[in-house]
Every structure is written in structure tokens, then in C-alpha cells.
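The file structure01.txt comes next; it holds compact mmCIF, C-alpha atoms.
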# COMPACT_ATOMS: atom_id res chain seq x y z
CA MET A 865 -120.09 -125.02 -170.62
CA LEU A 866 -121.61 -126.24 -167.38
CA CYS A 867 -119.84 -123.50 -165.41
CA TYR A 868 -121.16 -120.91 -167.84
CA ILE A 869 -124.72 -122.13 -167.35
CA LEU A 870 -124.33 -122.10 -163.56
CA ASP A 871 -123.05 -118.50 -163.66
CA ILE A 872 -126.06 -117.45 -165.73
CA LEU A 873 -128.44 -119.15 -163.28
CA ARG A 874 -126.66 -117.51 -160.33
CA ILE A 875 -126.93 -114.05 -161.92
CA THR A 876 -130.57 -114.68 -162.79
CA CYS A 877 -131.37 -115.65 -159.19
CA ILE A 878 -129.67 -112.53 -157.87
CA PHE A 879 -131.60 -110.39 -160.34
CA VAL A 880 -134.92 -112.02 -159.46
CA ARG A 881 -134.20 -111.64 -155.73
CA LEU A 882 -133.31 -107.98 -156.23
CA LYS A 883 -136.45 -107.40 -158.28
CA ILE A 884 -138.64 -109.06 -155.64
CA THR A 885 -137.02 -106.95 -152.93
CA ILE A 886 -137.64 -103.79 -154.93
CA MET A 887 -141.26 -104.81 -155.55
CA ILE A 888 -141.82 -105.57 -151.86
CA ASN A 889 -140.34 -102.24 -150.80
CA TYR A 890 -142.38 -100.45 -153.43
CA GLU A 891 -145.58 -102.19 -152.37
CA THR A 892 -144.80 -101.52 -148.72
CA ASN A 893 -144.34 -97.81 -149.33
CA GLU A 894 -147.47 -97.69 -151.44
CA SER A 895 -149.71 -99.95 -149.31
CA TYR A 896 -148.83 -98.92 -145.78
CA PRO A 897 -149.62 -95.28 -145.01
CA LEU A 898 -148.32 -93.47 -141.98
CA LEU A 899 -149.96 -94.38 -138.70
CA ARG A 900 -150.44 -90.69 -137.97
CA ASP A 901 -152.44 -90.12 -141.17
CA CYS A 902 -154.64 -93.15 -140.52
CA PHE A 903 -155.51 -92.23 -136.93
CA GLU A 904 -156.01 -88.52 -137.58
CA LYS A 905 -158.35 -89.34 -140.47
CA LEU A 906 -160.36 -91.68 -138.25
CA ILE A 907 -160.64 -89.06 -135.51
CA ARG A 908 -161.81 -86.48 -138.05
CA ILE A 909 -164.48 -88.88 -139.39
CA LYS A 910 -165.82 -89.52 -135.88
CA ALA A 911 -165.98 -85.79 -135.12
CA GLU A 912 -167.78 -85.01 -138.38
CA ALA A 913 -170.28 -87.79 -137.65
CA GLY A 914 -171.20 -86.04 -134.39
CA LYS A 915 -169.53 -88.64 -132.17
CA GLU A 916 -167.57 -86.07 -130.21
CA ARG A 917 -167.03 -88.27 -127.16
CA THR A 918 -165.50 -91.08 -129.22
CA ALA A 919 -163.40 -88.59 -131.17
CA ALA A 920 -162.13 -87.06 -127.92
CA ASN A 921 -161.21 -90.49 -126.53
CA TYR A 922 -159.38 -91.40 -129.73
CA GLN A 923 -157.56 -88.07 -129.72
CA SER A 924 -156.38 -88.57 -126.13
CA SER A 925 -155.14 -92.06 -126.95
CA TRP A 926 -153.33 -90.85 -130.08
CA ASN A 927 -151.72 -87.98 -128.14
CA LYS A 928 -150.38 -90.50 -125.63
CA LEU A 929 -148.99 -92.75 -128.33
CA SER A 930 -147.45 -89.74 -130.13
CA ALA A 931 -145.60 -88.82 -126.94
CA PHE A 932 -144.21 -92.35 -126.81
CA LEU A 933 -143.12 -92.33 -130.48
CA GLY A 934 -141.47 -88.92 -130.23
CA ARG A 935 -139.65 -87.97 -133.44
CA LYS A 936 -140.58 -91.28 -135.07
CA VAL A 937 -144.24 -90.26 -135.16
CA ASN A 938 -143.79 -89.12 -138.79
CA GLN A 939 -142.10 -92.38 -139.84
CA VAL A 940 -144.12 -95.20 -138.28
CA THR A 941 -146.54 -96.95 -140.65
CA ILE A 942 -149.41 -99.30 -139.92
CA ALA A 943 -147.05 -102.23 -140.70
CA ASP A 944 -144.74 -101.13 -137.86
CA PHE A 945 -147.55 -101.62 -135.36
CA THR A 946 -146.31 -104.95 -133.97
CA PRO A 947 -146.77 -106.84 -130.67
CA SER A 948 -143.23 -105.82 -129.71
CA MET A 949 -144.06 -102.15 -130.19
CA ILE A 950 -147.25 -102.44 -128.12
CA GLN A 951 -145.38 -104.16 -125.30
CA GLN A 952 -142.78 -101.39 -125.28
CA TYR A 953 -145.57 -98.82 -125.21
CA LEU A 954 -147.22 -100.57 -122.26
CA LEU A 955 -143.93 -100.62 -120.36
CA TRP A 956 -143.52 -96.92 -121.16
CA LEU A 957 -146.95 -96.23 -119.68
CA MET A 958 -145.87 -97.94 -116.46
CA GLN A 959 -142.58 -96.05 -116.17
CA ASN A 960 -143.07 -92.95 -114.08
CA GLU A 961 -139.87 -91.02 -114.85
CA ARG A 962 -139.75 -91.18 -118.64
CA SER A 963 -143.42 -91.03 -119.51
CA LYS A 964 -144.45 -88.87 -116.54
CA ASN A 965 -147.37 -91.20 -115.91
CA THR A 966 -147.19 -90.97 -112.13
CA THR A 967 -150.97 -90.71 -111.76
CA LEU A 968 -151.89 -93.38 -114.33
CA THR A 969 -153.95 -96.13 -112.76
CA PRO A 970 -154.50 -99.57 -114.34
CA SER A 971 -157.91 -98.38 -115.52
CA SER A 972 -156.31 -95.37 -117.23
CA GLN A 973 -153.74 -97.58 -118.93
CA ASP A 974 -156.57 -99.86 -120.03
CA PHE A 975 -158.41 -96.80 -121.40
CA TYR A 976 -155.53 -95.84 -123.69
CA LEU A 977 -154.98 -99.40 -124.91
CA ARG A 978 -158.69 -100.10 -125.50
CA ASN A 979 -159.09 -97.01 -127.65
CA LEU A 980 -155.83 -97.70 -129.45
CA ARG A 981 -156.99 -101.23 -130.24
CA ALA A 982 -160.34 -99.95 -131.52
CA MET A 983 -158.62 -97.40 -133.76
CA TYR A 984 -156.15 -99.99 -135.08
CA ASN A 985 -158.90 -102.51 -135.87
CA LYS A 986 -160.95 -99.92 -137.76
CA VAL A 987 -157.95 -98.80 -139.83
CA VAL A 988 -156.93 -102.39 -140.59
CA LYS A 989 -160.47 -103.21 -141.69
CA GLU A 990 -160.62 -100.17 -143.96
CA LEU A 991 -157.21 -100.90 -145.55
CA ARG A 992 -157.88 -104.65 -145.69
CA PHE A 993 -154.44 -105.09 -144.19
CA MET A 994 -153.26 -108.47 -142.92
CA PRO A 995 -150.67 -107.94 -140.16
CA PRO A 996 -147.66 -110.23 -140.84
CA ALA A 997 -147.19 -110.94 -137.12
CA GLY A 998 -150.90 -111.13 -136.40
CA ASN A 999 -153.01 -108.73 -134.38
CA PRO A 1000 -150.66 -107.01 -131.89
CA PHE A 1001 -153.41 -106.81 -129.26
CA THR A 1002 -154.38 -110.51 -129.25
CA THR A 1003 -152.46 -111.55 -126.13
CA LEU A 1004 -152.45 -108.15 -124.45
CA HIS A 1005 -154.66 -107.57 -121.43
CA ILE A 1006 -154.45 -105.27 -118.44
CA LYS A 1007 -156.10 -106.52 -115.28
CA VAL A 1008 -158.22 -103.71 -113.96
CA PRO A 1009 -159.51 -104.06 -110.38
CA SER A 1010 -163.28 -104.05 -110.24
CA THR A 1011 -164.83 -100.88 -108.90
CA ARG A 1012 -167.96 -100.71 -106.80
CA LYS A 1013 -170.97 -99.60 -108.79
CA ARG A 1014 -172.20 -96.24 -107.55
CA ALA A 1015 -175.97 -96.28 -107.74
CA LEU A 1016 -178.20 -94.23 -105.46
CA PRO A 1017 -180.91 -95.93 -103.40
CA LYS A 1018 -184.55 -95.00 -104.00
CA GLU A 1019 -184.62 -92.88 -100.84
CA GLU A 1020 -181.87 -90.62 -102.19
CA ILE A 1021 -183.60 -90.25 -105.57
CA LYS A 1022 -186.78 -89.17 -103.76
CA ARG A 1023 -184.82 -86.74 -101.61
CA LEU A 1024 -183.13 -85.21 -104.67
CA SER A 1025 -186.49 -84.81 -106.41
CA GLU A 1026 -187.79 -82.84 -103.41
CA LEU A 1027 -184.66 -80.68 -103.06
CA ASP A 1028 -185.25 -76.94 -103.45
CA LEU A 1029 -182.34 -75.20 -105.19
CA SER A 1030 -184.22 -72.18 -106.50
CA ALA A 1031 -181.68 -69.89 -104.81
CA THR A 1032 -178.92 -71.32 -107.05
CA PRO A 1033 -180.30 -71.60 -110.63
CA HIS A 1034 -177.16 -73.22 -112.07
CA LEU A 1035 -177.35 -76.02 -109.50
CA ALA A 1036 -181.10 -76.36 -109.97
CA SER A 1037 -180.79 -76.81 -113.74
CA ALA A 1038 -178.06 -79.45 -113.30
CA LEU A 1039 -180.20 -81.35 -110.79
CA HIS A 1040 -183.30 -81.16 -113.00
CA LEU A 1041 -181.34 -82.51 -115.94
CA ALA A 1042 -179.97 -85.39 -113.81
CA LEU A 1043 -183.49 -86.28 -112.68
CA PHE A 1044 -184.69 -86.09 -116.29
CA LEU A 1045 -182.01 -88.62 -117.27
CA PHE A 1046 -183.26 -90.91 -114.52
CA TYR A 1047 -186.94 -90.61 -115.49
CA ALA A 1048 -186.04 -91.07 -119.18
CA ARG A 1049 -184.95 -94.66 -118.54
CA GLY A 1050 -181.34 -93.82 -117.71
CA MET A 1051 -180.73 -91.69 -120.78
CA CYS A 1052 -177.10 -90.83 -121.61
CA PHE A 1053 -176.05 -87.21 -121.22
CA ILE A 1054 -174.93 -86.90 -124.86
CA ASP A 1055 -178.42 -87.92 -126.02
CA ALA A 1056 -180.06 -85.31 -123.81
CA PHE A 1057 -177.55 -82.77 -125.08
CA ASN A 1058 -178.55 -83.54 -128.69
CA MET A 1059 -182.27 -83.78 -127.93
CA ARG A 1060 -184.44 -81.38 -129.96
CA GLN A 1061 -188.07 -80.40 -129.66
CA GLU A 1062 -188.79 -82.23 -132.90
CA ASN A 1063 -187.86 -85.50 -131.14
CA ILE A 1064 -191.15 -85.27 -129.21
CA LYS A 1065 -193.92 -87.14 -131.06
CA ASP A 1066 -197.15 -88.52 -129.58
CA ASP A 1067 -196.00 -88.32 -125.95
CA TYR A 1068 -192.76 -90.14 -126.76
CA LEU A 1069 -189.14 -89.15 -127.24
CA HIS A 1070 -187.90 -90.67 -130.50
CA TYR A 1071 -184.13 -90.66 -130.92
CA LYS A 1072 -181.08 -92.69 -131.86
CA ARG A 1073 -178.49 -93.39 -129.21
CA SER A 1074 -175.31 -91.53 -130.09
CA LYS A 1075 -172.94 -94.33 -129.09
CA THR A 1076 -174.55 -97.33 -130.77
CA GLY A 1077 -177.06 -95.84 -133.19
CA ALA A 1078 -179.86 -97.91 -131.62
CA SER A 1079 -183.34 -96.43 -132.15
CA LEU A 1080 -185.14 -95.74 -128.86
CA GLN A 1081 -188.63 -94.61 -127.91
CA VAL A 1082 -189.10 -93.30 -124.39
CA LYS A 1083 -192.54 -92.51 -123.00
CA ILE A 1084 -192.65 -89.01 -121.53
CA THR A 1085 -193.65 -89.31 -117.87
CA PRO A 1086 -195.37 -86.52 -115.85
CA GLU A 1087 -192.04 -85.89 -114.11
CA MET A 1088 -190.33 -85.40 -117.46
CA VAL A 1089 -193.10 -83.06 -118.66
CA ARG A 1090 -192.62 -80.84 -115.62
CA ILE A 1091 -188.86 -80.56 -116.23
CA ILE A 1092 -189.25 -79.98 -119.99
CA ARG A 1093 -191.69 -77.12 -119.40
CA MET A 1094 -189.21 -75.45 -117.06
CA TYR A 1095 -186.55 -75.02 -119.76
CA ARG A 1096 -188.34 -75.27 -123.09
CA GLN A 1097 -188.12 -72.12 -125.23
CA LYS A 1098 -190.56 -71.50 -128.07
CA TYR A 1099 -188.07 -70.52 -130.78
CA ASN A 1100 -185.14 -72.61 -129.58
CA PRO A 1101 -184.72 -76.02 -131.25
CA TRP A 1102 -182.97 -77.61 -128.25
CA LEU A 1103 -184.95 -79.34 -125.54
CA PHE A 1104 -182.47 -78.07 -122.93
CA PRO A 1105 -181.10 -74.76 -124.27
CA PHE A 1106 -179.03 -74.05 -121.15
CA LEU A 1107 -176.69 -76.92 -122.06
CA HIS A 1108 -175.69 -75.05 -125.23
CA GLU A 1109 -175.14 -71.69 -123.55
CA LYS A 1110 -171.72 -70.48 -122.46
CA MET A 1111 -171.30 -69.23 -118.94
CA GLN A 1112 -170.05 -65.91 -120.34
CA GLY A 1113 -170.63 -64.46 -123.77
CA VAL A 1114 -171.97 -66.21 -126.84
CA GLY A 1115 -170.36 -69.14 -128.64
CA TYR A 1116 -170.33 -72.86 -129.31
CA VAL A 1117 -170.39 -75.26 -126.35
CA SER A 1118 -169.24 -78.82 -126.98
CA ALA A 1119 -170.98 -81.80 -125.41
CA GLN A 1120 -167.83 -82.59 -123.44
CA SER A 1121 -167.68 -79.10 -121.96
CA ALA A 1122 -171.37 -79.20 -121.07
CA LEU A 1123 -170.92 -82.61 -119.43
CA HIS A 1124 -167.95 -81.45 -117.34
CA ARG A 1125 -169.88 -78.38 -116.21
CA THR A 1126 -172.98 -80.40 -115.31
CA ASN A 1127 -171.01 -83.01 -113.39
CA ARG A 1128 -169.15 -80.27 -111.53
CA TYR A 1129 -172.47 -78.81 -110.36
CA LEU A 1130 -173.86 -82.25 -109.50
CA ASN A 1131 -170.76 -83.06 -107.47
CA GLU A 1132 -171.29 -79.84 -105.53
CA ILE A 1133 -174.87 -80.93 -104.78
CA GLY A 1134 -173.68 -84.40 -103.78
CA GLU A 1135 -171.11 -83.02 -101.37
CA ALA A 1136 -173.78 -80.85 -99.75
CA GLN A 1137 -175.92 -83.98 -99.30
CA GLY A 1138 -173.02 -85.87 -97.73
CA TYR A 1139 -172.40 -88.35 -100.54
CA LEU A 1140 -169.12 -90.24 -100.29
CA HIS A 1141 -168.74 -90.54 -104.07
CA PRO A 1142 -169.20 -87.90 -106.78
CA LEU A 1143 -172.74 -87.43 -108.06
CA THR A 1144 -172.66 -87.56 -111.88
CA THR A 1145 -175.01 -88.09 -114.79
CA TYR A 1146 -173.69 -91.65 -115.06
CA VAL A 1147 -174.77 -92.31 -111.47
CA MET A 1148 -178.34 -91.43 -112.42
CA ARG A 1149 -178.23 -93.79 -115.41
CA HIS A 1150 -176.86 -96.60 -113.30
CA SER A 1151 -179.34 -95.89 -110.49
CA TRP A 1152 -182.26 -96.37 -112.89
CA ALA A 1153 -180.86 -99.67 -114.18
CA SER A 1154 -180.17 -100.93 -110.65
CA MET A 1155 -183.67 -100.05 -109.43
CA MET A 1156 -185.20 -101.81 -112.41
CA LEU A 1157 -183.19 -104.90 -111.50
CA GLU A 1158 -184.26 -104.61 -107.86
CA ALA A 1159 -187.89 -104.43 -108.99
CA GLY A 1160 -187.51 -107.82 -110.65
CA THR A 1161 -187.35 -106.61 -114.25
CA GLU A 1162 -185.77 -109.03 -116.72
CA ILE A 1163 -182.28 -108.07 -117.76
CA GLY A 1164 -183.31 -108.22 -121.42
CA VAL A 1165 -185.83 -105.43 -120.86
CA ILE A 1166 -183.23 -103.34 -119.04
CA SER A 1167 -180.71 -103.94 -121.82
CA GLN A 1168 -183.11 -102.81 -124.54
CA SER A 1169 -184.17 -99.76 -122.51
CA LEU A 1170 -180.55 -98.67 -122.05
CA GLY A 1171 -179.84 -99.10 -125.75
CA HIS A 1172 -177.19 -101.78 -125.22
CA MET A 1173 -176.35 -103.97 -128.20
CA SER A 1174 -175.92 -107.14 -126.11
CA LEU A 1175 -176.98 -108.62 -122.78
CA GLN A 1176 -173.31 -109.06 -121.85
CA THR A 1177 -172.84 -105.29 -121.92
CA THR A 1178 -175.78 -104.88 -119.53
CA GLU A 1179 -174.47 -107.58 -117.20
CA ILE A 1180 -171.07 -105.90 -117.04
CA TYR A 1181 -172.80 -102.55 -116.59
CA LEU A 1182 -174.93 -103.66 -113.66
CA GLY A 1183 -172.21 -105.72 -112.02
CA LYS A 1184 -173.09 -107.60 -108.84
CA LEU A 1185 -176.61 -107.86 -107.52
CA SER A 1186 -177.43 -106.12 -104.28
CA VAL A 1187 -177.30 -108.02 -101.02
CA SER A 1188 -181.03 -107.53 -100.41
CA LYS A 1189 -181.92 -109.05 -103.78
CA ILE A 1190 -179.71 -112.08 -103.07
CA ASP A 1191 -181.29 -112.45 -99.62
CA ARG A 1192 -184.80 -112.44 -101.11
CA ALA A 1193 -183.81 -114.93 -103.80
CA ALA A 1194 -182.27 -117.31 -101.25
CA ASP A 1195 -185.29 -117.02 -98.95
CA ASN A 1196 -187.69 -117.70 -101.83
CA MET A 1197 -185.72 -120.83 -102.75
CA LEU A 1198 -186.00 -122.14 -99.18
CA ASN A 1199 -189.72 -121.39 -99.12
CA ASN A 1200 -190.40 -123.14 -102.41
CA LEU A 1201 -188.11 -126.17 -102.10
CA ILE A 1202 -187.11 -126.80 -98.48
CA ARG A 1203 -189.55 -125.30 -96.00
CA ASN A 1204 -192.93 -126.88 -95.32
CA SER A 1205 -195.80 -124.74 -96.51
CA GLU A 1206 -197.28 -124.88 -92.99
CA ILE A 1207 -194.21 -123.33 -91.41
CA LYS A 1208 -193.29 -120.72 -93.98
CA PRO A 1209 -191.97 -117.64 -92.17
CA GLU A 1210 -194.40 -115.37 -93.99
CA LYS A 1211 -197.48 -117.41 -92.99
CA VAL A 1212 -196.30 -117.93 -89.42
CA GLU A 1213 -195.67 -114.21 -89.05
CA THR A 1214 -199.05 -113.35 -90.59
CA LYS A 1215 -200.87 -115.82 -88.30
CA ARG A 1216 -199.09 -114.43 -85.24
CA ARG A 1217 -199.99 -110.86 -86.20
CA ASN A 1218 -203.64 -111.85 -86.72
CA GLN A 1219 -203.77 -113.47 -83.28
CA VAL A 1220 -202.31 -110.37 -81.67
CA VAL A 1221 -204.83 -108.16 -83.45
CA LYS A 1222 -207.74 -110.43 -82.41
CA LYS A 1223 -206.61 -110.33 -78.77
CA LYS A 1224 -206.43 -106.54 -78.84
CA ILE A 1225 -209.86 -106.31 -80.43
CA SER A 1226 -211.39 -108.77 -77.97
CA LYS A 1227 -209.87 -106.87 -75.02
CA ALA A 1228 -211.37 -103.69 -76.39
CA ILE A 1229 -214.80 -105.26 -77.01
CA ILE A 1230 -215.22 -107.23 -73.73
CA PRO A 1231 -215.32 -104.19 -71.41
CA MET A 1232 -217.77 -102.50 -73.74
CA THR A 1233 -219.98 -105.64 -73.75
CA SER A 1234 -219.89 -106.00 -69.97
CA ASN A 1235 -220.74 -102.33 -69.55
CA LYS A 1236 -223.69 -102.69 -71.93
CA MET A 1237 -224.90 -105.78 -70.02
CA SER A 1238 -224.70 -104.05 -66.67
CA ILE A 1239 -226.64 -101.03 -67.90
CA ALA A 1240 -229.33 -103.26 -69.41
CA ARG A 1241 -229.61 -105.20 -66.15
CA LYS A 1242 -229.95 -101.98 -64.18
CA CYS A 1243 -232.66 -100.72 -66.50
CA LYS A 1244 -234.49 -104.04 -66.20
CA ASN A 1245 -234.36 -103.88 -62.40
CA ILE A 1246 -235.65 -100.31 -62.40
CA LEU A 1247 -238.53 -101.24 -64.68
CA ALA A 1248 -239.34 -104.21 -62.43
CA LEU A 1249 -239.50 -101.98 -59.32
CA ILE A 1250 -241.71 -99.49 -61.11
CA ALA A 1251 -244.05 -102.31 -62.19
CA VAL A 1252 -244.23 -103.62 -58.61
CA LYS A 1253 -245.10 -100.18 -57.24
CA ILE A 1254 -247.81 -99.68 -59.85
CA PHE A 1255 -249.23 -103.13 -59.13
CA GLN A 1256 -249.31 -102.48 -55.34
CA THR A 1257 -250.99 -99.12 -55.82
CA THR A 1258 -253.72 -100.42 -58.07
CA TRP A 1259 -254.40 -103.46 -55.92
What would you get if you wrote out this structure as C-alpha cells?
Amino acid sequence: MLCYILDILRITCIFVRLKITIMINYETNESYPLLRDCFEKLIRIKAEAGKERTAANYQSSWNKLSAFLGRKVNQVTIADFTPSMIQQYLLWLMQNERSKNTTLTPSSQDFYLRNLRAMYNKVVKELRFMPPAGNPFTTLHIKVPSTRKRALPKEEIKRLSELDLSATPHLASALHLALFLFYARGMCFIDAFNMRQENIKDDYLHYKRSKTGASLQVKITPEMVRIIRMYRQKYNPWLFPFLHEKMQGVGYVSAQSALHRTNRYLNEIGEAQGYLHPLTTYVMRHSWASMMLEAGTEIGVISQSLGHMSLQTTEIYLGKLSVSKIDRAADNMLNNLIRNSEIKPEKVETKRRNQVVKKKISKAIIPMTSNKMSIARKCKNILALIAVKIFQTTW
């Protein structure tokens, strides 16, 4: 009897285990869609929302991952996206022969992984999926060597603003647009590309930043007015119509194509000016932010002007302070805390200059005074002689 009961329990356990396995497999197939479908849907949503740059970045990252997956691209689900798979993908990116990534730099590898992580996190959030092995990107990090920020000094901005490129209209329009981005508080190219005439209200540009959705209001400066009037067309809705025009024929021009074309023209201008690094629209944006920092503007003001969502983004964006700003800060500290007020370099220098000026003035005045005195004395002597003669004659 006991053996019979044990057999029944054993069969029941096997049945329950089989049923659970079937349920898990069923739920897995139902709950975990293909990775390809998830990512392609996300890319399509970004493109339809007008975020072409983000959609293009996501598409490039997905193309790279698809090349790694090969034939398995139509089989991998979101549940297969594990830390082990990401590590294999990273190794594949570093292997030159198989992946043909000879020219991939650490920053390029970081680009693909950053976008892949962003896509994965958005899909997971939408599906409310809890990865069994945890987030596959948690411990993954690529060390990217810091690059020197490429901002132009104020002298170069002034020189560009005075540059005459009327003989080459395509270069002139690219330069004018770059200067407009600078005057418009370091505006992003994509926002200028999407700017319409209706965005102008009460001497301000009202728009939402394409990347973050932050609402911005930029006061239109006289320099901006001059550039707008150059390219504004009465019956064209765009503020810069030439950005939406094809070089040949008529058709749609994407923001990415317009950006590449503009940067190509700007680079040509930069090479003619002898710049060591490419001149781009980003350089103009960074130049404005760097000059604001040099002028002593609080980083919070710069951050809000750029449309950043956090101060940390602005700090990363600006990078290291310039040497001149550090020198001034160190000198101010010594003046305020260490140096005696009587021997401050500024006051000593000012006093010395004043003494030099006084000496020069006194040297210039003394000869004039002596000359005046000698002339007066001569006149007095002449008058005295005349008086004596008159007195002798009348006596």
C-alpha cells in the first residue's frame, strides 16, 4: 500500500514538473518578443517623433549588433540579452579580423554600447521585464581617453565674423549659420534646422530643444537679425531655407544630410584659416559655452542656456577650465588671503604707472614754464628800459 502511494506521488511530481516547464516555456514565448522587433519598433518611434539623430544612432548600433548575431538575429529574444552575450559582443568589437573593426576606436566602441544600453533600458521599461541575471550593462564600462575640447578663442570668432566669402555663396551660408548658432547661445544644429518663422515672437526665439524637449527662449541679437534677413524668404516657413534645399534637383533633405554638408563646408573654411582641428557646428556651440565660463558666468546659467537637464552634463561638456582662468583664480586667492593690501601687484603696478606718467608730464611742463618765465622777464626788462628813457626825456 505504501509503495502504491509513493508511486502515485512520484507520478504526480513528474506531472507537476512537466506542467510547470510547459507553462514557463509558454510564458517565455509569449512574454519575450524578438530583440529585432523591439529595437526596430523603438527606432521607428524615434523617427516618427522627429528625433532623426537619435533614430540614426540607434539604427547604427542595431546594425552593428545584427552583424554580430548573424543568422541568429531572427531568434534572439530580449531574455537572451545577458551579460555573457554583451561581453562576447564587446570582444567581437575588439577583434579586427572577424568583425572588420580595424578603425574602431574606444570612443566608437563606447558609442555602440551606450546606444545599445539606452535601447535595451527603454524596451525593458516598456515591457516591464525583469532580467533574470540582472541588467547586462551594470558592470560594463569602456574607458575612453579624454579628448581636448575644441573651442575657438574670441579672436577667431571675431575674425570669422569679419570674413568675406561672398565669392563662394555655399561657404558663406555655412559660415553665417555657424555664427548664428554662436550668437543664439550655442544653439544645436538640429534646432536651427527645425526653426520656423513662427518661432519668432516679441524679439525672441521660442522653441523646444530636440534632444531633451526643454523649452528655451533666446533673445534675438542684432547679429542674429542681420543673418536672418539674409536668408529669410517671405513664403517659406523655414528660418533657413537653404538647409532644406538639395544641391541638385528638388527633394527632401534630412537633418543629418544637412549637418554633414554644413560641417564639410565649415571644415573647408577652417582649413583655409589654418585651424588644426575641423571647424564644425559643435565647435561654435562649445565656443559660446567656454567664453561664457571665461567671462565668469555661473555654470547654472550656462547649463540652462544650453538646454542641459543637469549641471553634471554641463560640467562634462565644458571639461577643464582654461589655464588663464585658473591663473586669475589663483592670483585672486593670493590677493585676498595672503598678500598685504599695500603690496598687491595691481596697486603697485598702478602706482608705478602713475609715477611714470607724472614724471613725463612734469618734464613736459617744466620747459614750458621756464620759457614762459624767461619771456616775461624779458618783457619786464624792456618795459623798464622804456620807462627810464621816457623819464630821462621828460626830466
Please indicate the distance in Å from atom CA of A:Phe1044 to atom CA of A:Ala920, rounded to one decimal place.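 About the pair atom CA of A:Phe1044 and atom CA of A:Ala920: they are 25.4 Å apart.
Taking atom CA of A:Leu1130 and atom CA of A:Leu1029 as endpoints, the distance between them is 11.8 Å.
Ranking A:Ile1166, A:Met1155, A:Met1148, A:Leu1107 by their shortest atom-to-atom distance to A:Arg1060, with all atoms listed in the file included, puts A:Leu1107 first.
Minimum distance to A:Pro1105 across A:Thr1161, A:Asn999, A:Ser1079, A:Ser1037 (counting only C-alpha atoms) occurs at A:Ser1037.
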Residue among A:Ile942, A:Ala1136, A:Leu898, A:Ala1048 lying closest to A:Lys1083, counting only C-alpha atoms: A:Ala1048
Take the point (-178.3, -84.1, -129.7) in the file's coordinates, draw a sphere of radius 12 Å around it, and report as a PyMOL selection string every protein, DNA or RNA residue with an atom inside or on it, counting only C-alpha atoms. chain A and resi 913-916+1051-1063+1070-1075+1101-1105+1107-1108+1118-1119
Could you tell me how far atom CA of A:Thr1145 sits from atom CA of A:Thr1032, in Å to one decimal place? 18.9 Å
Residues at most 7 Å from stretch 900-904 of chain A, counting only C-alpha atoms, excluding those fewer than 3 positions away in the same chain, as a ChimeraX atom specification? /A:907-908,937-938,983,987
Take the residues from that selection and put them in a file with C-alpha atoms, as a PDB file, in the frame of the given file.
ATOM      1  CA  ILE A 907    -160.640 -89.060-135.510  1.00  0.00           C
ATOM      2  CA  ARG A 908    -161.810 -86.480-138.050  1.00  0.00           C
ATOM      3  CA  VAL A 937    -144.240 -90.260-135.160  1.00  0.00           C
ATOM      4  CA  ASN A 938    -143.790 -89.120-138.790  1.00  0.00           C
ATOM      5  CA  MET A 983    -158.620 -97.400-133.760  1.00  0.00           C
ATOM      6  CA  VAL A 987    -157.950 -98.800-139.830  1.00  0.00           C
TER       7      VAL A 987
END
Name the closest residue to A:Ala982 among the candidates A:Pro947, A:Gly1115, A:Pro1000, A:Gly1171; distances are taken between atoms, counting only C-alpha atoms. A:Pro1000
Between A:Asn979, A:Gln1097, A:Ser1030, A:Thr1002, which residue has the minimum interatomic distance to A:Tyr922, considering all atoms listed in the file? A:Asn979
